[in-house]
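Novice: First the structure, then my questions, so here it is.
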Amino acid sequence: MTDISTEVTGLKVRSPAMLAAGVLGTTGTSLRRIAVSGAGAVVTKSLGVQPSEGHPGPNLVEVDCGFLNAMGLPNPSCAAFLDEMDAAREAGVPIIASVIGRNAEEFSGAARLMGGADALELNVSCPHAERGYGASICSDPDLLADIVRSVKGSVKIPVWVKLPPYVDKITELGIISEKNGADAVVAINTVPAMAIDINTGMPILGNITGGLSGPAIKPISLKCTYDLYKALKIPVISVGGIAGWEDAVEFIMAGAAAVQVGSALHNNIDIFREIETGIKAYLEEKGMTLEAMRGIAHRKT
Amino acid sequence: MMSNRSWFLQLKPIPATVTEVRKEADDVCTLCFDAPMLDRAMPGQYVMVWVHRLDEVPMALSSYNAITIQNVGEATRVLTGMKPGDIIGLRGPYGSGFGIKGSDILIIAGGVGAAPLAPLAEACASRGIKVTALLGAKTVSDLIFVERFKAVGELMTATDDGTEGYLGPVTELMKDVNLEEYDQLYACGPELMMRGVLDMCAERGIESTLQMSLHRYVKCGVGLCGACCIDPDGLRVCCEGPVFTGDKLVGSELGKYRRDASGRKTYPWGRE
Ligand SMILES: Cc1cc2nc3c(=O)[nH]c(=O)nc-3n(C[C@H](O)[C@H](O)[C@H](O)COP(=O)(O)OP(=O)(O)OC[C@H]3O[C@@H](n4cnc5c(N)ncnc54)[C@H](O)[C@@H]3O)c2cc1C
Ligand SMILES: Cc1cc2nc3c(=O)[nH]c(=O)nc-3n(C[C@H](O)[C@H](O)[C@H](O)COP(=O)(O)O)c2cc1C
Ligand code: FES
């Protein structure tokens, strides 16, 4: 059967579909379960040097086009998570540690603690993080540059930078990341959004605002991938609304080196196997390889 | 009045007005509300209860339009102090619920763990299933739903201080019955009690006929955030549970540790 194993920043993955950060990634055995279910790699919950309980609830609300969440980056801390890594590793797929901080020092501290992972993903893009964390970092290009450079200097493993969906300036953020040594970019994090309870007039999320994920953001994410692929030499890993193999194919055609899946897991825990078999069957039918398919949309205009 | 998009509104919290408050024990009360969209919920399913401007917490449905709350902290303090006319938001019903099977069942309930089991007992009895219930609590005034259980079958009680029924844990009452005789066993209560029930069933090789409703930190309720996952299989309590059969729980973290709001392991029952 067609081989869809590939390489992303030196990591060999048996399938280009990975688990997205913060989804079912709080415990080692949950990561192992998803890895065993067919994910090519798994990304942990975003981890900081200090533990955090996250925002008060409601943390998540279903809207008609996806999910709105404001978890607030709850995490047990990097140090406590080392205990979870052993179970996660048992599945034999690369483990990517997502890390958070407010500045270069905090990011490098977290990065060094997670240096035993196969790669790092820097979360500079969460739209509902505590002050100073997440997407606010991307409003200061010098801070972003500083963080990427400093983390690169602190660890030997590949460093991915996960970007916010700022459609008009995402390539700029990608270029800053690349220039400062990032090995890949990941696009996109959730889109800033909110919901109001019309009965009481109250914003529903405990944090008032949050981030939108799921089907609604897929076309936005696709455009980001398309633009980043054109602008960068480093690989683009795509995430946002992927819910089946057809979506994965679409992103790879836009240039994705790999894709990540989050929200779709809520009602389809077997999605990774389905994406894998779906892509294989598609490539076989078209008589195409994964590499030939990558970025094809850029050559068809 | 609800627009014809009510199918969509159900995905968001449903506003529900408290219609009645019943005191069940010192620190336990039942809130009844008007939320007709929950009338198809199965016993064992739960709702995410939005306490405005404070938090959202999981609560089992103790009947199709009620929850029964023990005051253990911030959100539960506000809930147990509510009056008719107060408004909460409800998401759900969520979770697996109890599977109703067989013709002769045993229910083992501890404290507020009786909340999901009382509607189960009633649902079983209404289908002609013979119900035996073992109900335990710290003291006589903490035994909840005594009348509800008595009305649908046989009830045996136990209290830690002997003020009613057997003096000691409810699991001791299990030794007076022949567990193998029952088609299904259902349990919910303090974690160490549930661990005891699981161990007794496992010793007899009947853990697959046991259904237990678990308590873990639930945040999203839809199987995404990972807060509720249990070791060693990464099962999600919020959507694959909260009810699991005993065979899925033998060798699990149950009774050993759980994770807090941040995901850190905590050992409230001591470290081995
Ligand atoms: C599926 C399910 C059904 C439940 N059904 C009932 C019920 O019928 N009646 C009842 O009294 N209780 C029930 N609980 C427990 C109830 O959710 C907690 O007691 C409640 O969340 C405490 O909130 P608090 O703000 O008062 O406590 P806090 O002051 O926030 O914390 C006190 C303790 O409550 C627990 N807790 C807090 N938040 C949560 C949360 N989001 N999810 C789970 N546990 C939490 C933690 O163990 C914590 O240590 C159920 C829990 C689950 C998972
Ligand atoms: C419940 C939830 C928690 C998330 N937590 C994180 C996180 O900790 N770090 C992060 O970088 N992204 C986080 N995300 C964003 C996802 O990784 C992903 O970028 C986004 O959800 C879009 O993908 P999807 O549509 O497949 O869900 C979270 C998303 C959800 C729904
Ligand atoms: S509570 Fe979020 S996955 Fe279960």
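Starting from 1 in every chain, residues are counted up; chains themselves are A, B, ... following the order of the structure tokens, and ligands are numbered from 1 as listed.
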Show me which residues sit within 8 Å of ligand 1 when counting only C-alpha atoms and all ligand atoms, and put them as JSON, numbers by chain.

Specialist: {"A": [57], "B": [28, 45, 46, 47, 55, 56, 57, 58, 59, 60, 61, 62, 67, 68, 69, 70, 71, 72, 73, 74, 75, 76, 77, 78, 95, 112, 113, 114, 115, 116, 213, 214, 215, 216, 217, 218, 219, 237, 238, 241, 242, 260, 261]}

Novice: Please, could you write that set of residues out with N, CA and C atoms as a tab-separated table (two decimals), in the first residue's frame?

Specialist:
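Contents of out-v1.tsv, as written:
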chain	number	residue	atom	x	y	z
A	57	GLY	N	-14.96	28.23	34.86
A	57	GLY	CA	-15.89	27.84	33.82
A	57	GLY	C	-16.98	28.87	33.64
B	28	VAL	N	-26.83	19.05	51.89
B	28	VAL	CA	-27.25	18.56	50.57
B	28	VAL	C	-28.65	19.07	50.25
B	45	GLN	N	-26.60	10.19	33.40
B	45	GLN	CA	-26.08	11.32	32.63
B	45	GLN	C	-25.99	12.54	33.55
B	46	TYR	N	-25.19	13.51	33.13
B	46	TYR	CA	-25.00	14.69	33.97
B	46	TYR	C	-25.15	15.95	33.13
B	47	VAL	N	-25.25	17.08	33.82
B	47	VAL	CA	-25.30	18.38	33.14
B	47	VAL	C	-24.14	19.24	33.66
B	55	ASP	N	-18.54	29.88	38.02
B	55	ASP	CA	-17.92	28.67	37.51
B	55	ASP	C	-18.99	27.81	36.84
B	56	GLU	N	-18.55	26.70	36.28
B	56	GLU	CA	-19.48	25.72	35.71
B	56	GLU	C	-19.04	24.36	36.22
B	57	VAL	N	-19.94	23.62	36.83
B	57	VAL	CA	-19.56	22.35	37.46
B	57	VAL	C	-20.48	21.21	37.02
B	58	PRO	N	-19.94	19.98	36.96
B	58	PRO	CA	-20.76	18.84	36.56
B	58	PRO	C	-21.66	18.36	37.71
B	59	MET	N	-22.91	18.04	37.39
B	59	MET	CA	-23.84	17.49	38.38
B	59	MET	C	-24.70	16.43	37.71
B	60	ALA	N	-24.80	15.29	38.37
B	60	ALA	CA	-25.65	14.22	37.86
B	60	ALA	C	-27.10	14.68	37.92
B	61	LEU	N	-27.92	14.21	37.00
B	61	LEU	CA	-29.35	14.48	37.09
B	61	LEU	C	-29.94	13.51	38.10
B	62	SER	N	-30.58	14.04	39.15
B	62	SER	CA	-31.17	13.16	40.16
B	62	SER	C	-32.63	12.87	39.82
B	67	ILE	N	-31.20	18.40	40.09
B	67	ILE	CA	-29.86	18.00	40.51
B	67	ILE	C	-29.84	18.04	42.03
B	68	THR	N	-28.96	17.22	42.61
B	68	THR	CA	-28.87	17.14	44.06
B	68	THR	C	-27.43	17.42	44.44
B	69	ILE	N	-27.24	18.50	45.21
B	69	ILE	CA	-25.91	19.06	45.39
B	69	ILE	C	-25.45	18.98	46.82
B	70	GLN	N	-24.21	18.54	46.99
B	70	GLN	CA	-23.57	18.61	48.30
B	70	GLN	C	-22.65	19.82	48.31
B	71	ASN	N	-22.73	20.60	49.36
B	71	ASN	CA	-21.91	21.81	49.49
B	71	ASN	C	-20.48	21.43	49.87
B	72	VAL	N	-19.57	21.52	48.90
B	72	VAL	CA	-18.17	21.18	49.18
B	72	VAL	C	-17.22	22.33	48.83
B	73	GLY	N	-17.74	23.41	48.25
B	73	GLY	CA	-16.85	24.49	47.82
B	73	GLY	C	-17.63	25.67	47.29
B	74	GLU	N	-16.97	26.47	46.49
B	74	GLU	CA	-17.53	27.74	46.05
B	74	GLU	C	-18.84	27.62	45.27
B	75	ALA	N	-18.80	26.89	44.16
B	75	ALA	CA	-19.98	26.82	43.29
B	75	ALA	C	-21.10	26.07	43.99
B	76	THR	N	-20.76	25.02	44.71
B	76	THR	CA	-21.79	24.23	45.38
B	76	THR	C	-22.40	24.99	46.56
B	77	ARG	N	-21.63	25.94	47.13
B	77	ARG	CA	-22.21	26.76	48.20
B	77	ARG	C	-23.30	27.66	47.62
B	78	VAL	N	-23.00	28.28	46.48
B	78	VAL	CA	-24.00	29.15	45.86
B	78	VAL	C	-25.22	28.32	45.44
B	95	GLY	N	-22.59	12.51	28.73
B	95	GLY	CA	-22.07	11.28	29.31
B	95	GLY	C	-22.87	10.06	28.93
B	112	VAL	N	-23.94	11.43	48.66
B	112	VAL	CA	-24.59	12.10	47.54
B	112	VAL	C	-24.48	11.28	46.25
B	113	GLY	N	-23.71	10.19	46.31
B	113	GLY	CA	-23.62	9.23	45.20
B	113	GLY	C	-24.98	8.62	44.89
B	114	ALA	N	-25.93	8.79	45.79
B	114	ALA	CA	-27.29	8.30	45.53
B	114	ALA	C	-27.97	9.12	44.43
B	115	ALA	N	-27.44	10.31	44.13
B	115	ALA	CA	-28.11	11.21	43.18
B	115	ALA	C	-28.41	10.57	41.82
B	116	PRO	N	-27.43	9.98	41.13
B	116	PRO	CA	-27.76	9.36	39.84
B	116	PRO	C	-28.44	8.00	39.99
B	213	SER	N	-20.37	5.02	38.43
B	213	SER	CA	-20.29	6.39	37.95
B	213	SER	C	-19.14	7.10	38.66
B	214	LEU	N	-18.17	7.56	37.88
B	214	LEU	CA	-16.93	8.13	38.43
B	214	LEU	C	-16.99	9.65	38.57
B	215	HIS	N	-16.15	10.16	39.43
B	215	HIS	CA	-16.00	11.60	39.61
B	215	HIS	C	-14.56	12.00	39.28
B	216	ARG	N	-14.37	12.77	38.23
B	216	ARG	CA	-13.08	13.36	37.92
B	216	ARG	C	-13.30	14.83	37.56
B	217	TYR	N	-12.23	15.61	37.50
B	217	TYR	CA	-12.37	17.02	37.17
B	217	TYR	C	-12.89	17.15	35.74
B	218	VAL	N	-14.07	17.72	35.58
B	218	VAL	CA	-14.67	17.88	34.25
B	218	VAL	C	-14.70	19.36	33.91
B	219	LYS	N	-14.11	19.72	32.78
B	219	LYS	CA	-14.11	21.12	32.36
B	219	LYS	C	-14.93	21.32	31.09
B	237	VAL	N	-13.72	10.50	31.25
B	237	VAL	CA	-14.85	10.36	32.15
B	237	VAL	C	-16.04	11.20	31.66
B	238	CYS	N	-15.76	12.36	31.04
B	238	CYS	CA	-16.84	13.28	30.67
B	238	CYS	C	-17.73	12.77	29.54
B	241	GLY	N	-17.45	8.11	29.91
B	241	GLY	CA	-18.09	7.87	31.20
B	241	GLY	C	-19.21	8.85	31.34
B	242	PRO	N	-19.64	9.25	32.54
B	242	PRO	CA	-18.99	8.90	33.80
B	242	PRO	C	-19.21	7.46	34.23
B	260	ASP	N	-5.97	17.23	39.62
B	260	ASP	CA	-6.70	18.44	40.00
B	260	ASP	C	-6.94	19.33	38.77
B	261	ALA	N	-7.38	20.55	39.00
B	261	ALA	CA	-7.75	21.44	37.90
B	261	ALA	C	-6.59	21.72	36.95

Novice: Using only C-alpha atoms, which protein or nucleic acid residues come within 9 Å of A:Pro192? Drop anything in the same chain fewer than 3 positions from it, and give the result as a VMD selection string.

Specialist: chain A and resid 68 126 to 128 165 209 to 212

Novice: For B:Lys101, work out the shell of residues within 12 Å, counting only C-alpha atoms and skipping chain neighbours fewer than 6 positions away, then give it as a list of chain:residue names.

Specialist: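 That gives B:Leu120, B:Ala121, B:Ala123, B:Cys124, B:Ala125, B:Arg127, B:Gly128, B:Ile129, B:Lys130, B:Val131, B:Tyr182, B:Asp183, B:Gln184, B:Leu185, B:Tyr186, B:Thr209, B:Leu210, B:Gln211.
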
Novice: Quick one: residues within 12 Å of B:Glu147, only C-alpha atoms, excluding same-chain residues fewer than 2 positions away - as a PyMOL selection string?

Specialist: chain B and resi 24+118+121-122+133+135+143-145+149-157

Novice: Using only C-alpha atoms, what does the table of chain B residues within 6 Å of chain A look like, with each row giving the shortest atom pair and its distance in Å to one decimal, sorted by chain and ascending number, as a tab-separated table?

Specialist:
residue	atom	partner	partner_atom	distance
B:Leu11	CA	A:Glu62	CA	5.3
B:Lys12	CA	A:Glu62	CA	5.9
B:Asp55	CA	A:Gly57	CA	4.3
B:Glu56	CA	A:Gly57	CA	4.6
B:Cys220	CA	A:Leu60	CA	5.3
B:Val222	CA	A:His266	CA	6.0
B:Gly223	CA	A:His266	CA	5.1
B:Leu224	CA	A:Val23	CA	5.2
B:Cys225	CA	A:Val23	CA	5.0
B:Gly226	CA	A:Leu24	CA	4.0
B:Pro232	CA	A:Thr29	CA	5.8
B:Asp233	CA	A:Thr29	CA	6.0
B:Gly234	CA	A:Ser30	CA	4.1
B:Ala261	CA	A:Glu53	CA	5.0
B:Ser262	CA	A:Glu53	CA	4.2
B:Gly263	CA	A:Pro76	CA	4.9
B:Arg264	CA	A:Pro76	CA	4.7

Novice: When you look at stretch 151-161 of chain A with a cut-off of 9 Å (counting only C-alpha atoms), what residues show up, excluding the ones that are within fewer than 5 positions of it in the same chain? I need them as JSON, numbers by chain.

Specialist: {"A": [9, 10, 11, 104, 105, 107, 108, 109, 111, 112, 115, 116, 117, 118, 119, 120, 121, 122, 123, 124, 146, 174, 177, 180, 181, 182, 183, 184, 185, 186, 187, 237]}

Novice: Please produce a file of those selected residues containing C-alpha atoms, as a PDB file, in the first residue's frame.

Specialist:
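Okay, again.pdb is ready:
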ATOM      1  CA  THR A   9      12.058  18.847  10.787  1.00  0.00           C
ATOM      2  CA  GLY A  10      14.008  15.594  10.914  1.00  0.00           C
ATOM      3  CA  LEU A  11      11.304  13.664  12.763  1.00  0.00           C
ATOM      4  CA  ALA A 104      12.585  34.674  26.411  1.00  0.00           C
ATOM      5  CA  GLU A 105      13.717  33.639  29.864  1.00  0.00           C
ATOM      6  CA  PHE A 107      10.271  30.179  27.384  1.00  0.00           C
ATOM      7  CA  SER A 108      13.862  28.961  27.556  1.00  0.00           C
ATOM      8  CA  GLY A 109      13.316  27.681  31.080  1.00  0.00           C
ATOM      9  CA  ALA A 111      12.108  24.554  26.838  1.00  0.00           C
ATOM     10  CA  ARG A 112      15.083  23.224  28.792  1.00  0.00           C
ATOM     11  CA  GLY A 115      14.349  19.134  26.244  1.00  0.00           C
ATOM     12  CA  GLY A 116      13.745  15.383  26.367  1.00  0.00           C
ATOM     13  CA  ALA A 117      10.821  15.695  23.939  1.00  0.00           C
ATOM     14  CA  ASP A 118      11.328  15.116  20.216  1.00  0.00           C
ATOM     15  CA  ALA A 119      10.526  18.730  19.343  1.00  0.00           C
ATOM     16  CA  LEU A 120       9.124  21.862  20.934  1.00  0.00           C
ATOM     17  CA  GLU A 121       6.131  23.900  19.877  1.00  0.00           C
ATOM     18  CA  LEU A 122       6.185  27.487  21.176  1.00  0.00           C
ATOM     19  CA  ASN A 123       2.689  28.681  21.945  1.00  0.00           C
ATOM     20  CA  VAL A 124       2.772  32.391  21.148  1.00  0.00           C
ATOM     21  CA  ASP A 146      13.927  37.203  21.122  1.00  0.00           C
ATOM     22  CA  GLY A 174       6.422  33.397  10.002  1.00  0.00           C
ATOM     23  CA  SER A 177      10.287  32.973  13.273  1.00  0.00           C
ATOM     24  CA  ASN A 180      15.483  33.599  14.219  1.00  0.00           C
ATOM     25  CA  GLY A 181      16.015  29.913  13.721  1.00  0.00           C
ATOM     26  CA  ALA A 182      12.584  28.254  13.922  1.00  0.00           C
ATOM     27  CA  ASP A 183      12.561  24.829  12.274  1.00  0.00           C
ATOM     28  CA  ALA A 184       8.862  24.984  11.382  1.00  0.00           C
ATOM     29  CA  VAL A 185       5.735  27.057  11.888  1.00  0.00           C
ATOM     30  CA  VAL A 186       2.375  25.709  13.011  1.00  0.00           C
ATOM     31  CA  ALA A 187      -0.755  27.573  11.879  1.00  0.00           C
ATOM     32  CA  ILE A 237       2.257  22.426   9.846  1.00  0.00           C
TER      33      ILE A 237
END

Novice: Determine which residues of stretch 55-223 of chain A receive a DSSP assignment of helix (DSSP H, G or I), computed from the backbone, and state them as number ranges by chain.

Specialist: A: 78-89, 104-113, 134-139, 141-154, 170-179, 215-223

Novice: Looking at only C-alpha atoms, which of A:Arg102, A:Gly240, A:Met114, A:Ala248 is the one that sits closest to A:Leu143?

Specialist: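 Residue with the minimum atom-to-atom distance to A:Leu143: A:Arg102.
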
Novice: Based on the backbone DSSP call, show me all residues of stretch 117-262 of chain B assigned strand (DSSP E or B), as a PyMOL selection string.

Specialist: chain B and resi 130-137+154-159+166-167+184-188+210-213+229-230+235-236+243-245+258-259

Novice: Write the selection just made, keeping N, CA, C and O atoms, as a short mmCIF file (atom, residue, chain, number, x, y, z; two decimals), in the first residue's frame?

Specialist:
data_model
loop_
_atom_site.label_atom_id
_atom_site.label_comp_id
_atom_site.auth_asym_id
_atom_site.auth_seq_id
_atom_site.Cartn_x
_atom_site.Cartn_y
_atom_site.Cartn_z
N LYS B 130 -36.47 -6.06 39.33
CA LYS B 130 -36.44 -6.11 40.79
C LYS B 130 -35.23 -5.34 41.29
O LYS B 130 -34.10 -5.59 40.85
N VAL B 131 -35.48 -4.38 42.20
CA VAL B 131 -34.41 -3.50 42.67
C VAL B 131 -34.12 -3.72 44.15
O VAL B 131 -35.02 -3.69 44.99
N THR B 132 -32.83 -3.96 44.47
CA THR B 132 -32.40 -3.98 45.85
C THR B 132 -31.36 -2.87 46.00
O THR B 132 -30.46 -2.77 45.17
N ALA B 133 -31.50 -2.04 47.02
CA ALA B 133 -30.56 -0.94 47.19
C ALA B 133 -29.87 -1.00 48.54
O ALA B 133 -30.50 -1.28 49.55
N LEU B 134 -28.56 -0.75 48.54
CA LEU B 134 -27.79 -0.61 49.76
C LEU B 134 -27.38 0.85 49.81
O LEU B 134 -26.75 1.35 48.87
N LEU B 135 -27.76 1.54 50.89
CA LEU B 135 -27.51 2.97 50.96
C LEU B 135 -26.71 3.29 52.22
O LEU B 135 -27.10 2.90 53.31
N GLY B 136 -25.60 3.99 52.03
CA GLY B 136 -24.77 4.32 53.19
C GLY B 136 -24.51 5.81 53.30
O GLY B 136 -24.61 6.54 52.31
N ALA B 137 -24.20 6.26 54.52
CA ALA B 137 -23.84 7.66 54.75
C ALA B 137 -23.14 7.75 56.10
O ALA B 137 -23.06 6.76 56.83
N GLU B 154 -36.38 -3.09 47.66
CA GLU B 154 -35.91 -3.36 49.01
C GLU B 154 -34.73 -2.45 49.31
O GLU B 154 -33.89 -2.21 48.44
N LEU B 155 -34.67 -1.92 50.54
CA LEU B 155 -33.58 -1.01 50.92
C LEU B 155 -32.91 -1.46 52.21
O LEU B 155 -33.58 -1.78 53.19
N MET B 156 -31.59 -1.51 52.18
CA MET B 156 -30.82 -1.74 53.41
C MET B 156 -29.91 -0.54 53.61
O MET B 156 -29.33 -0.04 52.64
N THR B 157 -29.79 -0.08 54.85
CA THR B 157 -28.98 1.11 55.09
C THR B 157 -27.81 0.81 56.02
O THR B 157 -27.82 -0.17 56.76
N ALA B 158 -26.82 1.69 55.93
CA ALA B 158 -25.65 1.60 56.81
C ALA B 158 -25.20 3.01 57.14
O ALA B 158 -25.28 3.90 56.29
N THR B 159 -24.76 3.23 58.36
CA THR B 159 -24.20 4.55 58.72
C THR B 159 -22.89 4.33 59.48
O THR B 159 -22.74 3.33 60.18
N TYR B 166 -27.08 -0.67 59.56
CA TYR B 166 -25.82 -1.31 59.93
C TYR B 166 -24.79 -0.28 60.39
O TYR B 166 -24.70 0.81 59.82
N LEU B 167 -23.99 -0.59 61.40
CA LEU B 167 -22.93 0.31 61.86
C LEU B 167 -21.66 -0.02 61.07
O LEU B 167 -21.05 -1.06 61.29
N GLN B 184 -27.11 -7.20 37.32
CA GLN B 184 -26.26 -6.02 37.21
C GLN B 184 -26.09 -5.41 38.58
O GLN B 184 -27.01 -5.47 39.41
N LEU B 185 -24.93 -4.81 38.81
CA LEU B 185 -24.69 -4.06 40.03
C LEU B 185 -24.36 -2.63 39.62
O LEU B 185 -23.66 -2.42 38.61
N TYR B 186 -24.85 -1.66 40.37
CA TYR B 186 -24.60 -0.25 40.06
C TYR B 186 -24.09 0.44 41.31
O TYR B 186 -24.66 0.27 42.39
N ALA B 187 -23.02 1.23 41.18
CA ALA B 187 -22.48 1.90 42.36
C ALA B 187 -22.07 3.33 42.07
O ALA B 187 -21.63 3.66 40.97
N CYS B 188 -22.25 4.19 43.08
CA CYS B 188 -21.74 5.55 43.02
C CYS B 188 -21.60 6.04 44.46
O CYS B 188 -22.48 5.79 45.30
N LEU B 210 -20.73 -4.99 36.80
CA LEU B 210 -20.77 -3.80 37.66
C LEU B 210 -20.69 -2.54 36.82
O LEU B 210 -19.85 -2.44 35.92
N GLN B 211 -21.57 -1.57 37.08
CA GLN B 211 -21.48 -0.26 36.42
C GLN B 211 -21.30 0.80 37.50
O GLN B 211 -22.07 0.85 38.45
N MET B 212 -20.25 1.63 37.33
CA MET B 212 -19.97 2.64 38.34
C MET B 212 -19.87 4.02 37.71
O MET B 212 -19.33 4.18 36.63
N SER B 213 -20.37 5.02 38.43
CA SER B 213 -20.29 6.39 37.95
C SER B 213 -19.14 7.10 38.66
O SER B 213 -19.13 7.21 39.89
N CYS B 229 -9.31 12.68 31.92
CA CYS B 229 -8.79 11.38 31.46
C CYS B 229 -8.24 10.56 32.63
O CYS B 229 -7.56 11.09 33.50
N ILE B 230 -8.53 9.26 32.61
CA ILE B 230 -8.04 8.39 33.69
C ILE B 230 -7.02 7.40 33.16
O ILE B 230 -7.07 6.98 32.01
N LEU B 235 -9.13 6.88 29.21
CA LEU B 235 -10.57 7.01 28.99
C LEU B 235 -11.05 8.36 29.50
O LEU B 235 -10.56 8.86 30.51
N ARG B 236 -12.03 8.94 28.77
CA ARG B 236 -12.54 10.26 29.14
C ARG B 236 -13.81 10.10 29.97
O ARG B 236 -14.84 9.66 29.47
N VAL B 243 -20.16 6.75 33.53
CA VAL B 243 -20.42 5.37 33.93
C VAL B 243 -19.50 4.43 33.14
O VAL B 243 -19.45 4.49 31.91
N PHE B 244 -18.77 3.60 33.86
CA PHE B 244 -17.92 2.60 33.23
C PHE B 244 -18.24 1.24 33.84
O PHE B 244 -18.61 1.16 35.01
N THR B 245 -18.05 0.17 33.07
CA THR B 245 -18.19 -1.16 33.65
C THR B 245 -16.90 -1.50 34.39
O THR B 245 -15.82 -0.99 34.05
N ARG B 258 -6.03 11.04 41.69
CA ARG B 258 -6.80 11.71 40.65
C ARG B 258 -6.04 12.96 40.28
O ARG B 258 -5.00 13.26 40.87
N ARG B 259 -6.51 13.69 39.29
CA ARG B 259 -5.81 14.91 38.90
C ARG B 259 -6.66 16.13 39.25
O ARG B 259 -7.88 16.07 39.17
#

Novice: Considering only C-alpha atoms and all ligand atoms, state which residue in the set B:Pro119, B:Pro15, B:Gly168, B:Gly221 is at the smallest distance from ligand 2.

Specialist: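 Once distances to ligand 2 are computed over only C-alpha atoms and all ligand atoms, the minimum belongs to B:Gly221.
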